[in-house]
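The data block below is model-v4.txt; it holds compact mmCIF, C-alpha atoms.
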```txt
# COMPACT_ATOMS: atom_id res chain seq x y z
CA MET F 79 1.28 -6.12 -14.13
CA THR F 80 1.78 -9.59 -12.74
CA ASP F 81 5.07 -11.37 -13.32
CA PRO F 82 4.34 -15.07 -14.05
CA ASN F 83 7.62 -16.25 -12.56
CA PRO F 84 8.44 -14.33 -9.39
CA SER F 85 11.04 -15.90 -7.13
CA PRO F 86 11.47 -15.30 -3.41
CA ASP F 87 14.89 -14.22 -2.20
CA PRO F 88 15.04 -14.26 1.59
CA GLY F 89 18.71 -13.35 1.31
CA THR F 90 17.67 -9.78 0.56
CA ALA F 91 15.70 -9.59 3.81
CA ALA F 92 15.63 -6.27 5.59
CA GLY F 93 15.37 -6.50 9.35
CA THR F 94 15.86 -3.48 11.56
CA SER F 95 19.64 -3.85 11.28
CA SER F 96 20.13 -5.07 7.69
CA PRO F 97 22.38 -3.01 5.39
CA LEU F 98 19.47 -2.35 3.03
CA ALA F 99 17.23 -1.10 5.84
CA LYS F 100 19.99 1.19 7.12
CA ARG F 101 20.63 2.67 3.64
CA LEU F 102 16.93 3.38 3.17
CA ALA F 103 16.15 4.58 6.70
CA GLY F 104 14.07 7.74 6.47
CA LYS F 105 13.83 7.52 2.68
CA ALA F 106 10.99 6.67 0.29
CA ARG F 107 11.60 4.11 -2.43
CA PHE F 108 10.34 4.61 -5.99
CA THR F 109 6.61 3.91 -5.74
CA PRO F 110 4.43 1.77 -8.03
CA TYR F 111 2.56 4.98 -8.87
CA GLU F 112 5.75 6.50 -10.24
CA PHE F 113 6.72 3.33 -12.11
CA VAL F 114 3.51 3.48 -14.16
CA PHE F 115 2.23 7.06 -14.16
CA GLY F 116 4.97 9.33 -12.85
CA GLU F 117 6.96 9.80 -16.03
CA ALA F 118 6.26 11.18 -19.52
CA GLY F 119 3.69 13.63 -18.14
CA PHE F 120 0.93 11.01 -17.92
CA GLU F 121 -0.53 12.27 -14.64
CA LEU F 122 -0.60 15.90 -15.82
CA ARG F 123 -2.02 14.95 -19.20
CA THR F 124 -4.67 12.43 -18.09
CA PHE F 125 -5.70 12.76 -14.44
CA PRO F 126 -7.03 16.35 -14.67
CA ARG F 127 -9.23 15.25 -17.59
CA ILE F 128 -10.59 12.34 -15.53
CA GLN F 129 -11.26 14.74 -12.67
CA ALA F 130 -13.09 17.17 -14.97
CA GLU F 131 -15.26 14.39 -16.43
CA ALA F 132 -16.14 13.08 -12.96
CA GLU F 133 -17.14 16.55 -11.79
CA GLN F 134 -19.15 17.22 -14.96
CA GLN F 135 -21.09 13.96 -14.63
CA GLY F 136 -21.40 14.12 -10.84
CA ILE F 137 -19.58 10.80 -10.41
CA ASP F 138 -17.85 9.95 -7.14
CA ALA F 139 -14.50 8.73 -8.46
CA THR F 140 -13.54 7.31 -5.05
CA HIS F 141 -16.13 4.57 -5.69
CA PRO F 142 -14.44 1.93 -7.90
CA ASP F 143 -17.63 0.84 -9.68
CA ARG F 144 -18.56 4.41 -10.54
CA PHE F 145 -15.00 5.20 -11.60
CA ALA F 146 -15.37 2.44 -14.22
CA PHE F 147 -18.05 4.50 -16.01
CA LEU F 148 -15.65 7.34 -16.82
CA THR F 149 -14.84 7.39 -20.54
CA ILE F 150 -11.47 9.07 -20.16
CA GLY F 151 -10.47 6.51 -17.55
CA ALA F 152 -11.22 3.70 -19.99
CA GLU F 153 -9.13 5.45 -22.65
CA ALA F 154 -6.28 5.85 -20.17
CA ILE F 155 -6.31 2.12 -19.41
CA ARG F 156 -5.89 1.35 -23.13
CA GLU F 157 -2.94 3.73 -23.20
CA VAL F 158 -0.98 1.90 -20.50
CA VAL F 159 -2.02 -1.71 -21.20
CA PRO F 160 0.50 -3.62 -23.36
CA GLU F 161 -0.89 -5.07 -26.58
CA ASP F 162 -0.17 -8.66 -25.59
CA VAL F 163 -1.69 -8.48 -22.10
CA PRO F 164 -4.13 -11.34 -21.31
CA PRO F 165 -7.76 -10.16 -21.13
CA GLU F 166 -8.16 -11.46 -17.58
CA THR F 167 -5.56 -8.94 -16.32
CA LEU F 168 -7.45 -5.88 -17.60
CA GLU F 169 -9.28 -5.61 -14.27
CA GLU F 170 -5.91 -5.30 -12.53
CA TYR F 171 -5.05 -2.30 -14.70
CA ARG F 172 -8.44 -0.71 -14.04
CA LEU F 173 -8.07 -1.10 -10.29
CA PHE F 174 -4.54 0.24 -10.36
CA LEU F 175 -5.67 3.26 -12.40
CA TYR F 176 -8.51 3.82 -9.91
CA HIS F 177 -6.10 3.85 -6.95
CA ALA F 178 -3.45 5.87 -8.79
CA TYR F 179 -5.99 8.52 -9.82
CA ASN F 180 -7.32 8.93 -6.27
CA PHE F 181 -3.76 8.96 -4.91
CA TRP F 182 -3.08 11.88 -7.28
CA CYS F 183 -6.43 13.56 -6.61
CA TYR F 184 -5.89 13.68 -2.84
CA GLY F 185 -2.36 15.03 -2.87
CA ARG F 186 -0.19 11.93 -3.42
CA ARG F 187 0.06 11.28 0.33
CA LEU F 188 2.92 8.81 0.81
CA TYR F 189 3.72 7.32 4.24
CA VAL F 190 6.97 5.41 4.76
CA LEU F 191 7.10 3.04 7.74
CA ASP F 192 10.27 2.80 9.80
CA PRO F 193 11.31 -0.84 10.44
CA ALA F 194 11.26 -0.45 14.23
CA ALA F 195 7.78 1.13 14.18
CA THR F 196 6.55 -1.64 11.89
CA ARG F 197 7.85 -4.41 14.14
CA PHE F 198 6.26 -2.72 17.13
CA LEU F 199 2.87 -2.69 15.39
CA VAL F 200 3.17 -6.38 14.49
CA GLU F 201 4.43 -7.69 17.81
CA SER F 202 2.95 -5.45 20.52
CA THR F 203 -0.85 -5.84 20.04
CA PRO F 204 -1.76 -2.15 20.43
CA ASP F 205 -5.15 -1.27 21.94
CA LEU F 206 -7.43 0.16 19.24
CA ARG F 207 -10.69 -0.12 21.20
CA ARG F 208 -11.13 3.65 21.64
CA TRP F 209 -10.15 4.51 18.06
CA GLU F 210 -12.37 4.55 14.98
CA MET F 211 -10.93 3.89 11.55
CA ARG F 212 -9.80 7.03 9.74
CA LEU F 213 -7.28 7.87 7.05
CA PRO F 214 -4.97 10.90 7.07
CA ALA F 215 -6.32 11.62 3.57
CA GLN F 216 -9.05 10.00 1.50
CA SER F 217 -6.39 8.13 -0.47
CA VAL F 218 -2.85 7.23 0.68
CA TYR F 219 0.02 4.91 -0.15
CA VAL F 220 1.71 3.20 2.80
CA GLN F 221 5.20 1.87 2.02
CA LEU F 222 6.50 -0.94 4.22
CA PRO F 223 10.18 -1.55 5.04
CA PRO F 224 11.93 -3.28 2.12
CA ASN F 225 11.58 -7.08 1.96
CA LEU F 226 10.22 -7.36 5.50
CA PHE F 227 6.76 -8.71 4.54
CA TRP F 228 6.14 -11.44 1.94
CA ALA F 229 2.91 -12.55 0.28
CA SER F 230 1.60 -14.44 -2.77
CA VAL F 231 -1.13 -13.62 -5.27
CA SER F 232 -2.21 -17.29 -5.06
CA PRO F 233 -1.07 -20.47 -3.28
CA GLU F 234 0.50 -21.70 -6.55
CA VAL F 235 2.74 -18.62 -6.92
CA PRO F 236 5.98 -18.18 -4.94
CA PRO F 237 5.96 -15.41 -2.29
CA GLU F 238 7.11 -11.92 -3.22
CA PRO F 239 8.15 -8.96 -1.04
CA VAL F 240 5.30 -6.59 -0.23
CA ASP F 241 6.10 -2.98 -1.16
CA GLY F 242 2.99 -1.45 0.40
CA PHE F 243 -0.71 -0.64 0.18
CA PHE F 244 -2.84 1.87 -1.66
CA VAL F 245 -5.74 2.63 0.70
CA CYS F 246 -8.79 4.63 -0.36
CA CYS F 247 -12.11 5.19 1.44
CA HIS F 248 -15.47 6.03 -0.07
CA GLU F 249 -19.09 6.30 0.99
CA ALA F 250 -21.52 3.54 -0.02
CA MET F 251 -25.23 2.92 0.50
CA ASP F 252 -27.02 -0.25 1.52
CA GLY F 253 -30.42 -1.47 0.32
CA ARG F 254 -32.24 0.53 3.01
CA GLY F 255 -30.63 3.78 1.94
CA ASP F 256 -28.26 3.96 4.91
CA THR F 257 -24.73 5.14 4.17
CA PHE F 258 -21.51 3.56 5.40
CA GLU F 259 -17.80 3.81 4.68
CA THR F 260 -15.88 1.26 2.64
CA LEU F 261 -12.15 0.74 2.55
CA GLU F 262 -10.59 -0.16 -0.82
CA VAL F 263 -7.09 -1.64 -0.63
CA LEU F 264 -4.56 -2.56 -3.31
CA MET F 265 -1.54 -4.47 -2.03
CA VAL F 266 1.55 -4.18 -4.25
CA LEU F 267 4.09 -7.01 -4.36
CA GLY F 268 7.27 -7.90 -6.19
CA ILE F 269 8.80 -4.56 -7.16
CA ARG F 270 12.34 -5.29 -8.29
CA ARG F 271 14.86 -3.28 -10.32
CA GLU F 272 15.20 -6.04 -12.93
CA ARG F 273 11.46 -6.58 -13.32
CA ALA F 274 9.16 -4.65 -15.65
CA GLY F 275 5.96 -5.02 -13.61
CA PHE F 276 4.64 -6.01 -10.20
CA SER F 277 1.83 -8.05 -8.67
CA LEU F 278 -1.42 -6.77 -7.18
CA ILE F 279 -3.96 -8.03 -4.65
CA HIS F 280 -7.20 -6.05 -4.33
CA PHE F 281 -9.77 -6.29 -1.56
CA GLY F 282 -12.34 -4.11 0.16
CA ALA F 283 -13.96 -4.03 3.58
CA GLU F 284 -16.92 -2.29 5.16
CA VAL F 285 -16.01 0.14 7.93
CA VAL F 286 -18.37 0.05 10.94
CA PRO F 287 -17.91 1.30 14.52
CA GLY F 288 -15.34 -0.79 16.36
CA ILE F 289 -14.05 -2.52 13.22
CA ALA F 290 -10.44 -1.34 13.65
CA ALA F 291 -10.20 -2.99 17.08
CA ALA F 292 -11.87 -6.14 15.73
CA TRP F 293 -9.37 -6.39 12.89
CA SER F 294 -6.47 -5.73 15.24
CA ASP F 295 -7.51 -8.15 18.00
CA THR F 296 -9.03 -11.10 16.10
CA PRO F 297 -6.67 -13.90 14.99
CA ALA F 298 -6.30 -13.73 11.22
CA ARG F 299 -5.09 -17.29 10.59
CA ASP F 300 -6.77 -20.60 11.24
CA GLU F 301 -3.44 -22.04 12.35
CA GLY F 302 -0.19 -20.52 13.53
CA ARG F 303 0.73 -17.04 14.67
CA ASP F 304 -0.37 -14.01 12.64
CA PHE F 305 2.40 -12.71 10.35
CA GLU F 306 4.56 -15.77 11.06
CA SER F 307 6.90 -16.26 8.11
CA ILE F 308 6.43 -19.29 5.88
CA LEU F 309 9.67 -18.72 3.97
CA PRO F 310 12.53 -21.16 4.65
CA GLY F 311 14.65 -19.43 7.28
CA GLY F 312 12.21 -16.54 7.40
CA GLU F 313 11.66 -16.64 11.15
CA MET F 314 15.41 -16.57 11.85
CA ALA F 315 15.79 -13.67 9.42
CA GLY F 316 13.03 -11.73 11.20
CA LEU F 317 10.66 -11.76 8.23
CA TYR F 318 6.86 -11.73 8.19
CA SER F 319 4.28 -13.29 5.87
CA ILE F 320 0.82 -12.00 4.97
CA LEU F 321 -1.34 -15.02 4.12
CA THR F 322 -4.90 -13.74 4.55
CA ILE F 323 -6.94 -10.59 3.92
CA PRO F 324 -7.78 -10.28 7.67
CA GLU F 325 -4.03 -10.30 8.30
CA ALA F 326 -3.54 -7.42 5.86
CA LEU F 327 -6.45 -5.51 7.44
CA LYS F 328 -4.92 -6.07 10.88
CA LEU F 329 -1.66 -4.49 9.72
CA ILE F 330 -3.37 -1.62 7.91
CA SER F 331 -5.61 -0.75 10.88
CA ARG F 332 -2.65 -0.65 13.25
CA ILE F 333 -0.61 1.51 10.88
CA LEU F 334 -3.45 4.00 10.39
CA TRP F 335 -4.06 4.08 14.17
CA TYR F 336 -0.39 4.82 14.81
CA ILE F 337 -0.30 7.61 12.21
CA ASP F 338 -3.44 9.17 13.69
CA ARG F 339 -2.56 8.81 17.38
CA HIS F 340 1.19 9.61 17.15
CA PRO F 341 1.40 12.76 15.01
CA GLY F 342 4.74 13.65 16.59
CA GLN F 343 6.23 10.49 15.05
CA VAL F 344 5.07 11.44 11.54
CA THR F 345 7.53 13.83 9.93
CA ALA F 346 7.08 15.45 6.53
CA HIS F 347 9.94 15.38 4.02
CA ALA F 348 10.30 17.30 0.78
CA ALA F 349 10.81 15.40 -2.44
CA PRO F 350 14.53 14.61 -2.79
CA GLU F 351 16.60 16.13 -5.55
CA ARG F 352 16.52 13.97 -8.64
CA ARG F 353 19.67 12.07 -9.42
CA THR F 354 20.70 12.09 -13.06
CA THR F 355 21.98 8.53 -12.73
CA ASP F 356 21.66 5.73 -10.19
CA ARG F 357 24.65 3.89 -8.85
CA PRO F 358 24.79 0.23 -9.99
CA GLY F 359 22.71 -1.87 -7.62
CA SER F 360 21.27 1.13 -5.79
CA VAL F 361 17.59 1.25 -4.90
CA PRO F 362 15.83 4.03 -6.84
CA LEU F 363 14.35 6.64 -4.52
CA SER F 364 10.93 8.20 -4.87
CA HIS F 365 10.58 11.65 -6.41
CA LEU F 366 7.56 12.41 -4.24
CA PRO F 367 7.36 14.27 -0.93
CA PHE F 368 6.58 11.83 1.86
CA HIS F 369 5.88 11.36 5.56
CA CYS F 370 8.20 9.14 7.59
CA VAL F 371 6.54 7.18 10.43
CA SER F 372 9.04 6.41 13.18
CA LEU F 373 8.86 4.71 16.56
CA HIS F 374 8.23 6.68 19.73
CA GLU F 375 11.05 6.26 22.24
CA SER F 376 8.62 4.92 24.85
CA ASP F 377 7.88 1.98 22.54
CA ALA F 378 11.49 1.28 21.57
CA GLY F 379 11.91 -1.46 24.18
CA ALA F 380 9.02 -3.50 22.76
CA ALA F 381 10.35 -3.08 19.23
CA ALA F 382 13.86 -4.13 20.24
CA GLU F 383 12.47 -7.21 22.00
CA ALA F 384 10.46 -8.05 18.88
CA ALA F 385 13.52 -7.71 16.68
CA GLY F 386 15.50 -9.94 19.05
CA ASP F 387 12.79 -12.59 19.01
CA GLY F 388 12.95 -12.54 15.19
```

Take the structure from the file and write it as structure tokens.
Amino acid sequence: MTDPNPSPDPGTAAGTSSPLAKRLAGKARFTPYEFVFGEAGFELRTFPRIQAEAEQQGIDATHPDRFAFLTIGAEAIREVVPEDVPPETLEEYRLFLYHAYNFWCYGRRLYVLDPAATRFLVESTPDLRRWEMRLPAQSVYVQLPPNLFWASVSPEVPPEPVDGFFVCCHEAMDGRGDTFETLEVLMVLGIRRERAGFSLIHFGAEVVPGIAAAWSDTPARDEGRDFESILPGGEMAGLYSILTIPEALKLISRILWYIDRHPGQVTAHAAPERRTTDRPGSVPLSHLPFHCVSLHESDAGAAAEAAGDG
């Protein structure tokens, strides 16, 4: 799923006032889930069989290591993996299938972040000290504003726009038999109309009391300001970069806090009517129902100031 030659294009940047951001305001873009599993009946043909096998064997499919033991899941990976794929990328397909299955299993909960709300969460340093990490569902996909955040799968690879995050939580057990929650995250980069695949970055983190505030408040870079763009002209264009896993966790914790603590700013939308054809150059829209996360009017001043600083 990784393109070996991605190329950054800051000219397509979407700030709060860019033409692209305005066209897509309040809309969900075609998701990575739909790109891979949404067509040709794959999800209806395969995911219920995985669910039945997990229930029959008593396997917690939200746990990625246990999910790997499911026979039907392994067969499904072979179905979607191209014949010429390098062996080292097979783990990427397995992790994507794991997140896609749980996304399906828990209702395909898609959250679309408004640009102004996103800038507010980056620039305002919200107080998460009285909030404990929780997801609106056990598995969600959070879609960021188009081309606002950029990241790389490795220092040798050019930055790509971040589409969003699959986030799944599961229960784990330590060596003493005590249980704790773990967050599994799959960051999706480099979705473009002219590209067949996309790039993935997977990471996990243990969830303990107070961790959301720690992620939100602790500097995530050794040098420079968190989320500061490293693209040429990126700061002037109002773009952000995600360089470290703590930086990604900072963003995710703030987004989940905002969704949980501002339910009035989270509006549900039905799946849009399918278009028979797309206009040339148009961004394909998602076929899934989604929740739009917008900025509360009391926070609009901070978001406007952040946009002006960018």

Q.
I'd like the neighbourhood of Arg172 in chain F as a PyMOL selection string, where a residue qualifies if any of its atoms comes within 7 Å (using only C-alpha atoms), though same-chain residues fewer than 4 positions away should be ignored.
A. chain F and resi 155+168+176

Q | All residues 7 Å or closer to range 259-265 of chain F, only C-alpha atoms, same chain fewer than 5 positions away omitted, as an MDAnalysis selection string | A | chainID F and resid 242:250 278:285

Pull C-alpha atoms from the residues just selected and write them as an mmCIF file, in the coordinates of the input.
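Saved file out11.cif follows:
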```cif
data_model
loop_
_atom_site.group_PDB
_atom_site.id
_atom_site.type_symbol
_atom_site.label_atom_id
_atom_site.label_comp_id
_atom_site.auth_asym_id
_atom_site.auth_seq_id
_atom_site.Cartn_x
_atom_site.Cartn_y
_atom_site.Cartn_z
ATOM 1 C CA GLY F 242 2.990 -1.450 0.400
ATOM 2 C CA PHE F 243 -0.710 -0.640 0.180
ATOM 3 C CA PHE F 244 -2.840 1.870 -1.660
ATOM 4 C CA VAL F 245 -5.740 2.630 0.700
ATOM 5 C CA CYS F 246 -8.790 4.630 -0.360
ATOM 6 C CA CYS F 247 -12.110 5.190 1.440
ATOM 7 C CA HIS F 248 -15.470 6.030 -0.070
ATOM 8 C CA GLU F 249 -19.090 6.300 0.990
ATOM 9 C CA ALA F 250 -21.520 3.540 -0.020
ATOM 10 C CA LEU F 278 -1.420 -6.770 -7.180
ATOM 11 C CA ILE F 279 -3.960 -8.030 -4.650
ATOM 12 C CA HIS F 280 -7.200 -6.050 -4.330
ATOM 13 C CA PHE F 281 -9.770 -6.290 -1.560
ATOM 14 C CA GLY F 282 -12.340 -4.110 0.160
ATOM 15 C CA ALA F 283 -13.960 -4.030 3.580
ATOM 16 C CA GLU F 284 -16.920 -2.290 5.160
ATOM 17 C CA VAL F 285 -16.010 0.140 7.930
#
```

Q | Nearest to Glu121 in chain F by atom-to-atom distance, counting all atoms listed in the file, from F:Asn180, F:Ser294, F:Thr149, F:Gln221 | A | F:Asn180

Q | d(CA of Gln135 in chain F, CA of Arg123 in chain F) in Å | A |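 For CA of Gln135 in chain F relative to CA of Arg123 in chain F, the distance reads 19.6 Å.
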
**Q.** Residues near Pro350 in chain F, cut-off 8 Å, all atoms listed in the file, skip fewer than 5 positions along chain, as a PyMOL selection string
**A.** chain F and resi 364-367

Any chance you could tabulate, as a tab-separated table, the residues of range 284-325 of chain F at most 10 Å from range 194-199 of chain F with each one's nearest atom pair and distance in Å to one decimal, using only C-alpha atoms, in chain and rising number order?
```
residue	atom	partner	partner_atom	distance
F:Ser294	CA	F:Leu199	CA	9.8
F:Gly316	CA	F:Arg197	CA	9.4
F:Leu317	CA	F:Arg197	CA	9.8
F:Tyr318	CA	F:Arg197	CA	9.5
```

(Q) When you count all atoms listed in the file, which of these residues is closest to Gln343 in chain F: F:Leu321, F:Cys370, F:Leu329, F:Leu188? (A) F:Cys370

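All polymer residues at most 6 Å from (-6.7, -8.4, 11.8), using all atoms listed in the file, appear as Trp293, Ser294, Thr296, Ala298, Pro324, Glu325, Leu327 and Lys328 of chain F.
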
Using the file's own x, y and z axes, so that the box edges lie along x, y and z, what centre and edge lengths in Å (one decimal) does a box around every listed atom of range 309-320 of chain F get when 4 Å is added on each side? Give it as JSON.
```
{"center_x": 8.3, "center_y": -16.4, "center_z": 7.9, "size_x": 23.0, "size_y": 17.4, "size_z": 15.9}
```

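By chain and then residue number, the residues within 9 Å of range 211-214 of chain F are F:Arg187, F:Ser217, F:Val218, F:Val245, F:Cys246, F:Cys247, F:Val285, F:Val286, F:Pro287, F:Gly288, F:Ile289, F:Ala290, F:Ala291, F:Ser331, F:Leu334, F:Trp335, F:Ile337, F:Asp338, counting all atoms listed in the file and disregarding those fewer than 3 positions away in sequence.
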
(Q) Using Å and a single decimal, report how far CA of Glu301 in chain F sits from CA of Thr322 in chain F. (A)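 One can read the CA of Thr322 in chain F to CA of Glu301 in chain F distance as 11.5 Å.
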
Q: Between F:Phe108, F:Pro341, F:His369, F:Pro236, single out the one closest to Pro310 in chain F, counting all atoms listed in the file.
A: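 For Pro310 in chain F, the nearest of the candidates is F:Pro236.
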
Q: Provide the CA of Ala146 in chain F to CA of Asp256 in chain F distance in Å, to one decimal place.
A: 23.1 Å

Q: Determine, counting only C-alpha atoms, which protein, DNA and RNA residues have an atom within 7 Å of an atom of Pro223 in chain F; residues of the same chain fewer than 3 positions away are not included. Present the result as a ChimeraX atom specification.
A: /F:191-193,226

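In terms of minimum interatomic distance to Arg339 in chain F, F:Pro204 ranks closest within F:Gly253, F:Leu309, F:Ala229, F:Pro204, counting all atoms listed in the file.
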
Q: Give as a list in words the set of residues within 7 Å of the point (5.3, -13.8, 7.1), where distances use the file's coordinates and only C-alpha atoms.
A: Phe227, Trp228, Phe305, Glu306, Ser307, Ile308, Leu317, Tyr318, Ser319 and Ile320 of chain F
